[in-house]
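J.: Provided herewith: start.cif, mmCIF, C-alpha atoms.
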data_input
loop_
_atom_site.label_atom_id
_atom_site.label_comp_id
_atom_site.auth_asym_id
_atom_site.auth_seq_id
_atom_site.Cartn_x
_atom_site.Cartn_y
_atom_site.Cartn_z
CA MET A 76 0.00 0.00 0.00
CA LYS A 77 1.22 3.44 -0.82
CA SER A 78 1.87 5.34 2.39
CA ILE A 79 0.31 8.58 3.49
CA ALA A 80 3.89 9.66 3.92
CA GLY A 81 3.60 11.61 0.70
CA ILE A 82 1.85 14.28 2.72
CA HIS A 83 3.98 14.26 5.81
CA ASN A 84 6.26 11.39 6.64
CA PRO A 85 6.32 10.78 10.42
CA ALA A 86 10.05 10.11 10.13
CA ASP A 87 10.45 13.74 9.03
CA ASP A 88 8.62 14.98 12.12
CA PRO A 89 11.17 15.77 14.88
CA ARG A 90 8.65 14.59 17.48
CA TYR A 91 8.76 11.06 16.02
CA THR A 92 12.41 10.65 16.97
CA ALA A 93 12.56 13.01 19.97
CA VAL A 94 13.83 11.05 22.97
CA GLU A 95 11.35 12.43 25.53
CA ILE A 96 8.84 9.66 26.36
CA PRO A 97 9.09 7.86 29.73
CA PRO A 98 9.19 4.11 28.89
CA ASN A 99 6.47 3.11 31.39
CA VAL A 100 4.52 1.06 28.84
CA LEU A 101 7.65 -0.80 27.75
CA LEU A 102 8.62 -1.49 31.35
CA GLY A 103 5.18 -2.93 32.04
CA LEU A 104 5.52 -5.25 29.05
CA THR A 105 8.88 -6.55 30.23
CA LEU A 106 7.28 -7.46 33.57
CA LEU A 107 4.53 -9.32 31.72
CA ALA A 108 7.19 -11.10 29.67
CA ASP A 109 8.91 -12.21 32.87
CA ARG A 110 5.67 -13.74 34.10
CA ASP A 111 5.20 -15.56 30.79
CA GLY A 112 8.80 -16.77 30.71
CA VAL A 113 9.51 -14.79 27.52
CA ASP A 114 13.01 -13.40 26.94
CA CYS A 115 12.55 -9.73 26.10
CA THR A 116 16.23 -9.06 25.32
CA PRO A 117 15.69 -9.33 21.52
CA TRP A 118 13.05 -6.60 21.68
CA PHE A 119 15.81 -4.02 22.10
CA ALA A 120 18.19 -5.32 19.42
CA GLY A 121 19.71 -2.51 17.35
CA LEU A 122 18.37 0.19 19.69
CA PRO A 123 20.49 2.36 22.00
CA LEU A 124 18.69 1.02 25.09
CA ASP A 125 18.13 -2.26 26.87
CA ARG A 126 15.96 -3.88 29.52
CA SER A 127 17.91 -2.48 32.45
CA GLN A 128 17.92 1.08 31.10
CA ILE A 129 14.15 1.42 30.77
CA ALA A 130 13.82 0.75 34.52
CA ASP A 131 15.78 3.96 35.21
CA PRO A 132 13.36 6.73 36.33
CA ASP A 133 15.27 9.20 34.17
CA ALA A 134 15.14 7.02 31.03
CA ARG A 135 13.42 8.39 27.95
CA VAL A 136 12.70 6.86 24.52
CA SER A 137 11.43 8.18 21.21
CA TYR A 138 8.07 7.24 19.74
CA ARG A 139 9.94 5.41 16.97
CA GLN A 140 11.87 3.31 19.48
CA ALA A 141 8.76 2.55 21.52
CA ALA A 142 6.84 1.45 18.42
CA ILE A 143 9.65 -0.91 17.39
CA VAL A 144 9.72 -2.53 20.83
CA LEU A 145 5.92 -2.85 20.92
CA ARG A 146 5.77 -4.61 17.54
CA ARG A 147 8.48 -7.04 18.64
CA ALA A 148 6.75 -7.65 21.98
CA LEU A 149 3.42 -8.45 20.33
CA LEU A 150 5.11 -10.97 18.06
CA ALA A 151 7.20 -12.54 20.81
CA VAL A 152 4.44 -12.92 23.39
CA GLY A 153 1.94 -14.10 20.80
CA ASP A 154 -1.07 -12.84 22.76
CA PRO A 155 -3.35 -10.53 20.75
CA ALA A 156 -4.95 -9.40 24.02
CA LEU A 157 -1.62 -8.19 25.41
CA GLY A 158 -2.92 -4.61 25.68
CA MET A 159 -5.81 -5.76 27.87
CA ARG A 160 -3.44 -7.62 30.17
CA ALA A 161 -1.08 -4.64 30.43
CA GLY A 162 -3.92 -2.20 31.10
CA ARG A 163 -5.70 -4.27 33.74
CA ASP A 164 -2.52 -4.17 35.83
CA GLY A 165 -2.69 -0.37 36.02
CA ASN A 166 -3.00 1.35 39.40
CA LEU A 167 -2.27 4.69 41.02
CA GLY A 168 1.21 3.48 41.93
CA SER A 169 2.08 2.76 38.31
CA PHE A 170 1.12 6.37 37.49
CA GLY A 171 3.84 7.58 39.90
CA LEU A 172 3.64 11.22 40.97
CA LEU A 173 0.74 11.77 38.62
CA GLY A 174 -1.13 9.06 40.51
CA LEU A 175 -0.42 10.92 43.75
CA ALA A 176 -1.67 14.19 42.25
CA MET A 177 -4.87 12.46 41.09
CA MET A 178 -5.43 10.68 44.41
CA THR A 179 -5.13 13.96 46.35
CA SER A 180 -7.46 15.91 44.03
CA ALA A 181 -10.73 17.29 45.36
CA SER A 182 -13.05 15.32 43.06
CA PHE A 183 -12.94 12.64 40.41
CA GLY A 184 -13.49 15.30 37.74
CA ASP A 185 -10.49 17.24 39.06
CA ALA A 186 -8.42 14.04 39.06
CA MET A 187 -9.48 13.30 35.48
CA ARG A 188 -8.47 16.79 34.36
CA VAL A 189 -5.10 16.48 36.09
CA GLY A 190 -4.51 13.11 34.43
CA ILE A 191 -5.39 14.36 30.95
CA GLU A 192 -3.27 17.51 31.23
CA ASN A 193 -0.23 15.56 32.43
CA HIS A 194 -0.66 12.20 30.68
CA LYS A 195 2.70 12.45 28.93
CA VAL A 196 4.44 12.12 32.31
CA CYS A 197 3.36 8.46 32.27
CA GLY A 198 4.72 7.81 28.79
CA SER A 199 1.39 7.74 26.96
CA LEU A 200 1.77 6.88 23.27
CA LEU A 201 -1.64 8.28 22.38
CA ASP A 202 -2.82 11.88 22.52
CA ILE A 203 -5.81 12.20 24.84
CA GLY A 204 -8.44 14.78 25.63
CA PHE A 205 -11.80 15.38 27.30
CA ASP A 206 -15.19 15.62 25.61
CA MET A 207 -18.88 15.67 26.50
CA PRO A 208 -20.43 13.65 23.65
CA GLY A 209 -23.97 13.80 25.01
CA PRO A 210 -26.12 15.35 27.74
CA ARG A 211 -24.65 14.40 31.11
CA GLU A 212 -21.91 12.36 29.45
CA ALA A 213 -18.16 12.74 29.96
CA ALA A 214 -15.55 11.03 27.80
CA LEU A 215 -11.84 10.36 27.70
CA VAL A 216 -10.91 10.54 24.00
CA ALA A 217 -7.73 9.16 22.41
CA TRP A 218 -6.07 9.81 19.05
CA PRO A 219 -3.12 7.96 17.47
CA ARG A 220 -0.14 10.27 17.03
CA PHE A 221 1.39 9.03 13.81
CA GLY A 222 -1.28 6.90 12.19
CA GLU A 223 -0.08 3.69 13.89
CA HIS A 224 -3.15 1.65 12.94
CA ALA A 225 -1.52 -1.74 13.51
CA LEU A 226 -0.66 -0.77 17.11
CA LEU A 227 -3.94 1.03 17.79
CA PRO A 228 -5.78 -1.91 19.45
CA PHE A 229 -2.89 -2.50 21.86
CA LEU A 230 -2.51 1.21 22.64
CA CYS A 231 -6.24 1.75 23.22
CA GLU A 232 -6.59 -1.37 25.34
CA GLU A 233 -3.61 -0.43 27.50
CA LEU A 234 -4.80 3.17 27.89
CA PHE A 235 -8.51 2.66 28.54
CA ALA A 236 -8.09 -0.43 30.73
CA SER A 237 -5.44 1.24 32.91
CA CYS A 238 -7.47 4.46 33.18
CA LEU A 239 -10.58 2.52 34.22
CA ALA A 240 -8.56 0.52 36.75
CA VAL A 241 -7.27 3.76 38.27
CA ALA A 242 -10.74 5.36 38.18
CA ARG A 243 -12.19 2.41 40.10
CA GLU A 244 -9.35 2.70 42.58
CA LEU A 245 -10.30 6.36 43.12
CA VAL A 246 -14.10 6.13 43.38
CA GLY A 247 -14.77 2.43 43.94
CA PRO A 248 -15.61 -0.69 41.92
CA ALA A 249 -19.18 0.50 41.30
CA LEU A 250 -17.90 2.73 38.48
CA ARG A 251 -19.07 1.33 35.16
CA PRO A 252 -18.71 3.27 31.91
CA LEU A 253 -21.76 3.87 29.75
CA ARG A 254 -19.91 2.61 26.69
CA LEU A 255 -16.52 2.08 25.10
CA GLU A 256 -16.18 3.21 21.48
CA LEU A 257 -13.26 2.08 19.31
CA THR A 258 -12.50 2.74 15.67
CA TYR A 259 -11.01 -0.67 14.91
CA PRO A 260 -12.91 -3.94 14.23
CA ARG A 261 -14.22 -6.22 16.98
CA PRO A 262 -11.36 -8.50 18.12
CA ALA A 263 -11.73 -12.25 18.57
CA TYR A 264 -11.09 -11.88 22.31
CA VAL A 265 -13.97 -9.42 22.85
CA ARG A 266 -15.08 -11.40 25.90
CA GLN A 267 -12.15 -9.88 27.81
CA TYR A 268 -13.49 -6.40 26.99
CA MET A 269 -16.95 -7.37 28.23
CA ASP A 270 -15.64 -8.86 31.48
CA PHE A 271 -13.44 -5.89 32.35
CA PHE A 272 -15.23 -2.81 31.04
CA GLN A 273 -18.76 -4.11 31.83
CA CYS A 274 -20.46 -1.71 29.46
CA GLU A 275 -21.77 -1.35 25.92
CA LEU A 276 -19.05 -1.89 23.31
CA ARG A 277 -19.03 -0.19 19.91
CA PHE A 278 -16.40 -1.21 17.38
CA GLY A 279 -15.88 0.56 14.07
CA ALA A 280 -16.98 3.75 15.83
CA PRO A 281 -16.10 7.29 14.72
CA ALA A 282 -13.82 7.87 17.73
CA ASN A 283 -11.77 6.07 20.37
CA GLN A 284 -13.36 7.04 23.67
CA ILE A 285 -14.63 5.71 26.97
CA VAL A 286 -17.86 7.42 28.01
CA MET A 287 -19.27 7.68 31.54
CA ASP A 288 -22.13 9.36 33.33
CA ALA A 289 -21.00 12.92 34.08
CA ARG A 290 -22.26 12.61 37.66
CA TRP A 291 -19.07 10.69 38.45
CA LEU A 292 -17.10 13.90 37.90
CA GLU A 293 -18.68 15.38 41.03
CA VAL A 294 -17.74 12.52 43.36
CA PRO A 295 -15.40 13.83 46.12
CA LEU A 296 -12.20 11.91 46.76
CA PRO A 297 -11.36 10.82 50.32
CA GLY A 298 -7.63 11.45 49.84
CA TYR A 299 -7.99 15.14 49.02
CA ASN A 300 -4.98 17.17 50.15
CA ALA A 301 -4.47 20.50 48.41
CA ARG A 302 -0.82 20.88 49.46
CA THR A 303 0.25 17.38 48.41
CA ARG A 304 -1.64 17.73 45.14
CA GLN A 305 0.11 21.00 44.34
CA GLN A 306 3.54 19.61 45.20
CA ALA A 307 3.02 16.52 43.05
CA LEU A 308 1.71 18.62 40.16
CA ALA A 309 4.72 20.95 40.34
CA ILE A 310 7.07 17.97 39.88
CA CYS A 311 4.89 16.54 37.08
CA THR A 312 5.05 19.87 35.27
CA ARG A 313 8.86 19.87 35.45
CA GLU A 314 8.97 16.33 34.04
CA LEU A 315 6.69 17.01 31.10
CA PRO A 316 8.51 17.08 27.74
CA HIS A 317 9.07 20.71 26.78
CA GLY A 318 9.49 21.25 23.06
CA THR A 319 9.96 24.60 21.36
CA SER A 320 7.08 27.03 21.24
CA SER A 321 6.63 26.15 17.56
CA ASP A 322 6.24 22.46 18.43
CA GLU A 323 3.60 23.40 20.99
CA VAL A 324 1.65 25.39 18.42
CA VAL A 325 1.78 22.49 15.94
CA MET A 326 0.47 20.15 18.63
CA ALA A 327 -2.31 22.57 19.57
CA VAL A 328 -3.41 22.86 15.93
CA GLU A 329 -3.36 19.07 15.52
CA GLN A 330 -5.43 18.52 18.65
CA LEU A 331 -8.02 21.11 17.66
CA LEU A 332 -8.30 19.73 14.11
CA ARG A 333 -8.58 16.13 15.33
CA SER A 334 -11.53 17.02 17.54
CA ARG A 335 -13.32 18.91 14.75
CA LEU A 336 -12.47 17.19 11.47
CA ARG A 337 -16.15 16.73 10.61
CA GLU A 338 -16.62 20.53 10.82
CA HIS A 339 -13.72 21.14 8.40
CA PRO A 340 -12.30 24.14 10.31
CA ARG A 341 -10.32 26.66 8.27
CA LEU A 342 -7.12 28.41 9.30
CA PRO A 343 -8.82 31.70 10.35
CA GLU A 344 -11.16 29.78 12.68
CA VAL A 345 -8.31 27.73 14.16
CA ALA A 346 -6.27 30.89 14.71
CA ARG A 347 -9.19 32.50 16.59
CA CYS A 348 -9.59 29.40 18.78
CA LEU A 349 -5.88 29.62 19.67
CA ASN A 350 -6.13 33.38 20.32
CA MET A 351 -3.71 34.16 17.50
CA SER A 352 -3.82 36.13 14.29
CA GLU A 353 -3.75 34.22 11.00
CA ARG A 354 -0.36 35.70 10.21
CA SER A 355 1.09 34.67 13.58
CA LEU A 356 -0.25 31.14 13.26
CA ARG A 357 1.23 30.72 9.76
CA ARG A 358 4.58 32.04 11.00
CA ARG A 359 4.67 29.78 14.07
CA LEU A 360 3.78 26.73 11.97
CA ALA A 361 6.49 27.65 9.47
CA GLU A 362 9.02 27.83 12.30
CA GLY A 363 8.16 24.20 13.01
CA GLY A 364 8.53 23.32 9.32
CA ARG A 365 4.78 22.82 8.84
CA VAL A 366 1.98 24.23 6.69
CA PHE A 367 -1.64 24.34 7.89
CA ARG A 368 -3.09 22.65 4.81
CA ASP A 369 -0.55 19.81 5.01
CA ILE A 370 -1.35 19.22 8.68
CA HIS A 371 -5.07 19.22 7.94
CA ASP A 372 -4.67 16.81 5.01
CA GLN A 373 -2.40 14.52 7.00
CA LEU A 374 -4.90 14.23 9.85
CA ARG A 375 -7.81 13.72 7.46
CA ALA A 376 -5.91 11.02 5.58
CA GLU A 377 -4.94 9.21 8.79
CA ARG A 378 -8.51 9.42 10.11
CA ALA A 379 -9.93 8.17 6.81
CA MET A 380 -7.54 5.20 6.83
CA GLU A 381 -8.53 4.43 10.41
CA LEU A 382 -12.26 4.40 9.53
CA LEU A 383 -11.75 2.47 6.31
CA TYR A 384 -9.75 -0.13 8.22
CA ALA A 385 -12.57 -0.49 10.78
CA GLY A 386 -14.89 -1.32 7.88
CA HIS A 387 -18.22 -0.28 9.40
CA LEU A 388 -18.83 2.97 7.50
CA SER A 389 -19.43 3.42 3.78
CA VAL A 390 -16.94 5.45 1.78
CA ALA A 391 -19.39 8.36 1.73
CA GLU A 392 -19.81 8.18 5.52
CA VAL A 393 -16.03 8.12 6.01
CA GLY A 394 -15.78 11.24 3.87
CA ALA A 395 -18.46 12.96 5.93
CA GLU A 396 -16.59 12.12 9.15
CA ILE A 397 -13.58 14.12 7.95
CA GLY A 398 -15.49 17.08 6.54
CA PHE A 399 -16.43 16.17 2.95
CA ALA A 400 -20.08 16.78 2.04
CA ASP A 401 -19.52 15.41 -1.48
CA PRO A 402 -18.31 11.76 -1.67
CA ARG A 403 -16.70 12.45 -5.05
CA GLU A 404 -14.60 15.21 -3.54
CA PHE A 405 -13.49 12.84 -0.81
CA ARG A 406 -12.51 10.12 -3.30
CA ARG A 407 -10.44 12.59 -5.32
CA ALA A 408 -8.73 13.95 -2.19
CA PHE A 409 -8.03 10.49 -0.80
CA LYS A 410 -6.45 9.35 -4.06
CA ARG A 411 -4.31 12.50 -4.09
CA TRP A 412 -3.16 11.77 -0.52
CA THR A 413 -2.48 8.04 -0.83
CA GLY A 414 -2.28 7.20 -4.54
CA MET A 415 -5.31 4.87 -4.46
CA PRO A 416 -9.11 5.09 -4.22
CA PRO A 417 -10.71 4.56 -0.79
CA ARG A 418 -12.17 1.15 -1.74
CA ASP A 419 -8.75 -0.13 -2.78
CA ALA A 420 -7.27 1.12 0.49
CA ARG A 421 -9.99 -0.70 2.44
CA ARG A 422 -9.32 -3.96 0.58
CA ALA A 423 -5.57 -3.60 1.15
CA ALA A 424 -6.12 -2.95 4.88
#
Would you mind giving the structure from this file in structure tokens?

T.:
Amino acid sequence: MKSIAGIHNPADDPRYTAVEIPPNVLLGLTLLADRDGVDCTPWFAGLPLDRSQIADPDARVSYRQAAIVLRRALLAVGDPALGMRAGRDGNLGSFGLLGLAMMTSASFGDAMRVGIENHKVCGSLLDIGFDMPGPREAALVAWPRFGEHALLPFLCEELFASCLAVARELVGPALRPLRLELTYPRPAYVRQYMDFFQCELRFGAPANQIVMDARWLEVPLPGYNARTRQQALAICTRELPHGTSSDEVVMAVEQLLRSRLREHPRLPEVARCLNMSERSLRRRLAEGGRVFRDIHDQLRAERAMELLYAGHLSVAEVGAEIGFADPREFRRAFKRWTGMPPRDARRAA
């Protein structure tokens, strides 16, 4: 299949190779490998890190390195439900100082906000955000960073299962989501989803999100301690990866576009949302080596591939999800992005 790299190759994005991600997910997998009697040494072959190094609290890896290790781990362990196993083991302790900041927050909603704003401290390989998809509904939403569709089931399972495990630790085992929505197809081991999440499951959905009743946001936490929370947050803030201001603007534009692809926002609207002039936004993007239209097209192409891979929406519906009212326009754009029509891309996936 021709890659979407014609628009913007992830390997050309400095964030893809920036060594700034805590290897928490990789460390968790090595512990699972130990339990299964699997030698994880080959996972790190050819990389400038090894098993012992990722246990160092100061260790950092790039997204590229993490993805290589994850692919090798999935092959070596041979368990397609590896993400579920890794996520179910999650607890406040595995979240480190961020777990402490969440535990000492005033309410579950406050803890959720703290977790979302500082998720990169825990080495998250997905971008996450908050949404209210319906009346009295609150959702944790996740987006793949570099169109890693093959790794998406593992990444979503690990993220949503660990977040739910931590949420139940905070407010009690009675917490049950309203539903879990995932863009990829239903896996063969769906029973594990049903047993753990205990809610409605929607595969081939428009978004990756776990949705709960918004009343849970108001639940007070028994461990509330304003001073401890502030101290833990101060350390988390220092440990967050700090790119250049241009990188931060690129990330802000990507996040806004991802959440509103269906609305097809234009540059002037995005600039207003970011409290910037159009000229300033263009300049800041250029400093990061990016162009607004290319970013928009890249995200639309990645989202289209994700929905085509899931297989539940028609080509016209996929186009509508990323802002095309006319299916013919979408087909032309998709072929320009990837070199093939949407139906051929779906068959190849």

J.: Apply the PyMOL selection byres ((chain A and resi 335) around 12) to the displayed file and report the matching residues as JSON, numbers by chain.

T.: {"A": [206, 281, 282, 328, 329, 330, 331, 332, 333, 334, 336, 337, 338, 339, 340, 341, 344, 345, 348, 371, 374, 375, 378, 395, 396, 397, 398]}

J.: On this structure, which residues satisfy the PyMOL selection byres ((chain A and resi 312) around 12), written as number ranges by chain?

T.: A: 172-173, 176, 189-190, 192-197, 305-311, 313-317

J.: Please compute the atom CA of Arg418 of chain A-atom CA of Ala217 of chain A distance, one decimal, in Å.

T.: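 Separation between atom CA of Arg418 of chain A and atom CA of Ala217 of chain A: 25.8 Å.
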
J.: To one decimal in Å, tell me the separation between atom CA of Ser199 of chain A and atom CA of Phe170 of chain A.

T.: 10.6 Å

J.: So which residues are close to (7.4, -0.6, 32.1), meaning at most 12 Å away in the file's coordinates with only C-alpha atoms counted, and can you show them as a PyMOL selection string?

T.: chain A and resi 96-109+126-132+134-136+141+144-145+161-162+164-165+169-171+197-199+233

J.: Expand the PyMOL selection byres ((chain A and resi 372) around 10) into the individual residues it matches in the shown file, reporting them as a PDB file with C-alpha atoms, in the frame of the given file.

T.:
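What landed in expr.pdb:
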ATOM      1  CA  ILE A  79       0.310   8.580   3.490  1.00  0.00           C
ATOM      2  CA  ILE A  82       1.850  14.280   2.720  1.00  0.00           C
ATOM      3  CA  HIS A  83       3.980  14.260   5.810  1.00  0.00           C
ATOM      4  CA  PHE A 367      -1.640  24.340   7.890  1.00  0.00           C
ATOM      5  CA  ARG A 368      -3.090  22.650   4.810  1.00  0.00           C
ATOM      6  CA  ASP A 369      -0.550  19.810   5.010  1.00  0.00           C
ATOM      7  CA  ILE A 370      -1.350  19.220   8.680  1.00  0.00           C
ATOM      8  CA  HIS A 371      -5.070  19.220   7.940  1.00  0.00           C
ATOM      9  CA  GLN A 373      -2.400  14.520   7.000  1.00  0.00           C
ATOM     10  CA  LEU A 374      -4.900  14.230   9.850  1.00  0.00           C
ATOM     11  CA  ARG A 375      -7.810  13.720   7.460  1.00  0.00           C
ATOM     12  CA  ALA A 376      -5.910  11.020   5.580  1.00  0.00           C
ATOM     13  CA  GLU A 377      -4.940   9.210   8.790  1.00  0.00           C
ATOM     14  CA  ARG A 378      -8.510   9.420  10.110  1.00  0.00           C
ATOM     15  CA  ILE A 397     -13.580  14.120   7.950  1.00  0.00           C
ATOM     16  CA  ALA A 408      -8.730  13.950  -2.190  1.00  0.00           C
ATOM     17  CA  PHE A 409      -8.030  10.490  -0.800  1.00  0.00           C
ATOM     18  CA  TRP A 412      -3.160  11.770  -0.520  1.00  0.00           C
TER      19      TRP A 412
END

J.: Work out how far atom CA of Arg304 of chain A is from atom CA of Ser182 of chain A, in Å to one decimal.

T.: 11.8 Å

J.: Let me make sure I understand: among A:Leu124, A:Arg163, A:Val265, A:Asn283, which one has the smallest atom-to-atom distance to Asp202 of chain A if we use all atoms listed in the file?

T.: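 Counting all atoms listed in the file, the residue closest to Asp202 of chain A is A:Asn283.
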
J.: Please work out which residues fall within 9 Å of (-12.3, 10.0, 36.8), coordinates as given in the file, with all atoms listed in the file counting, and return them as a VMD selection string.

T.: chain A and resid 177 182 to 188 190 238 to 239 241 to 243 245 to 246 291 to 292 294

J.: When you count only C-alpha atoms, which of these residues is closest to Leu296 of chain A: A:Leu234, A:Ala151, A:Ile203, A:Met178?

T.: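 Comparing A:Leu234, A:Ala151, A:Ile203, A:Met178 against Leu296 of chain A, the winner is A:Met178.
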
J.: Need the shell around Thr179 of chain A: protein/DNA/RNA residues with any atom at most 7 Å away, counting only C-alpha atoms. Skip same-chain ones fewer than 2 positions apart. Format as a PDB file with C-alpha atoms, in the coordinates of the input?

T.:
ATOM      1  CA  LEU A 175      -0.420  10.920  43.750  1.00  0.00           C
ATOM      2  CA  ALA A 176      -1.670  14.190  42.250  1.00  0.00           C
ATOM      3  CA  MET A 177      -4.870  12.460  41.090  1.00  0.00           C
ATOM      4  CA  ALA A 181     -10.730  17.290  45.360  1.00  0.00           C
ATOM      5  CA  GLY A 298      -7.630  11.450  49.840  1.00  0.00           C
ATOM      6  CA  TYR A 299      -7.990  15.140  49.020  1.00  0.00           C
ATOM      7  CA  ASN A 300      -4.980  17.170  50.150  1.00  0.00           C
ATOM      8  CA  ALA A 301      -4.470  20.500  48.410  1.00  0.00           C
ATOM      9  CA  THR A 303       0.250  17.380  48.410  1.00  0.00           C
ATOM     10  CA  ARG A 304      -1.640  17.730  45.140  1.00  0.00           C
TER      11      ARG A 304
END
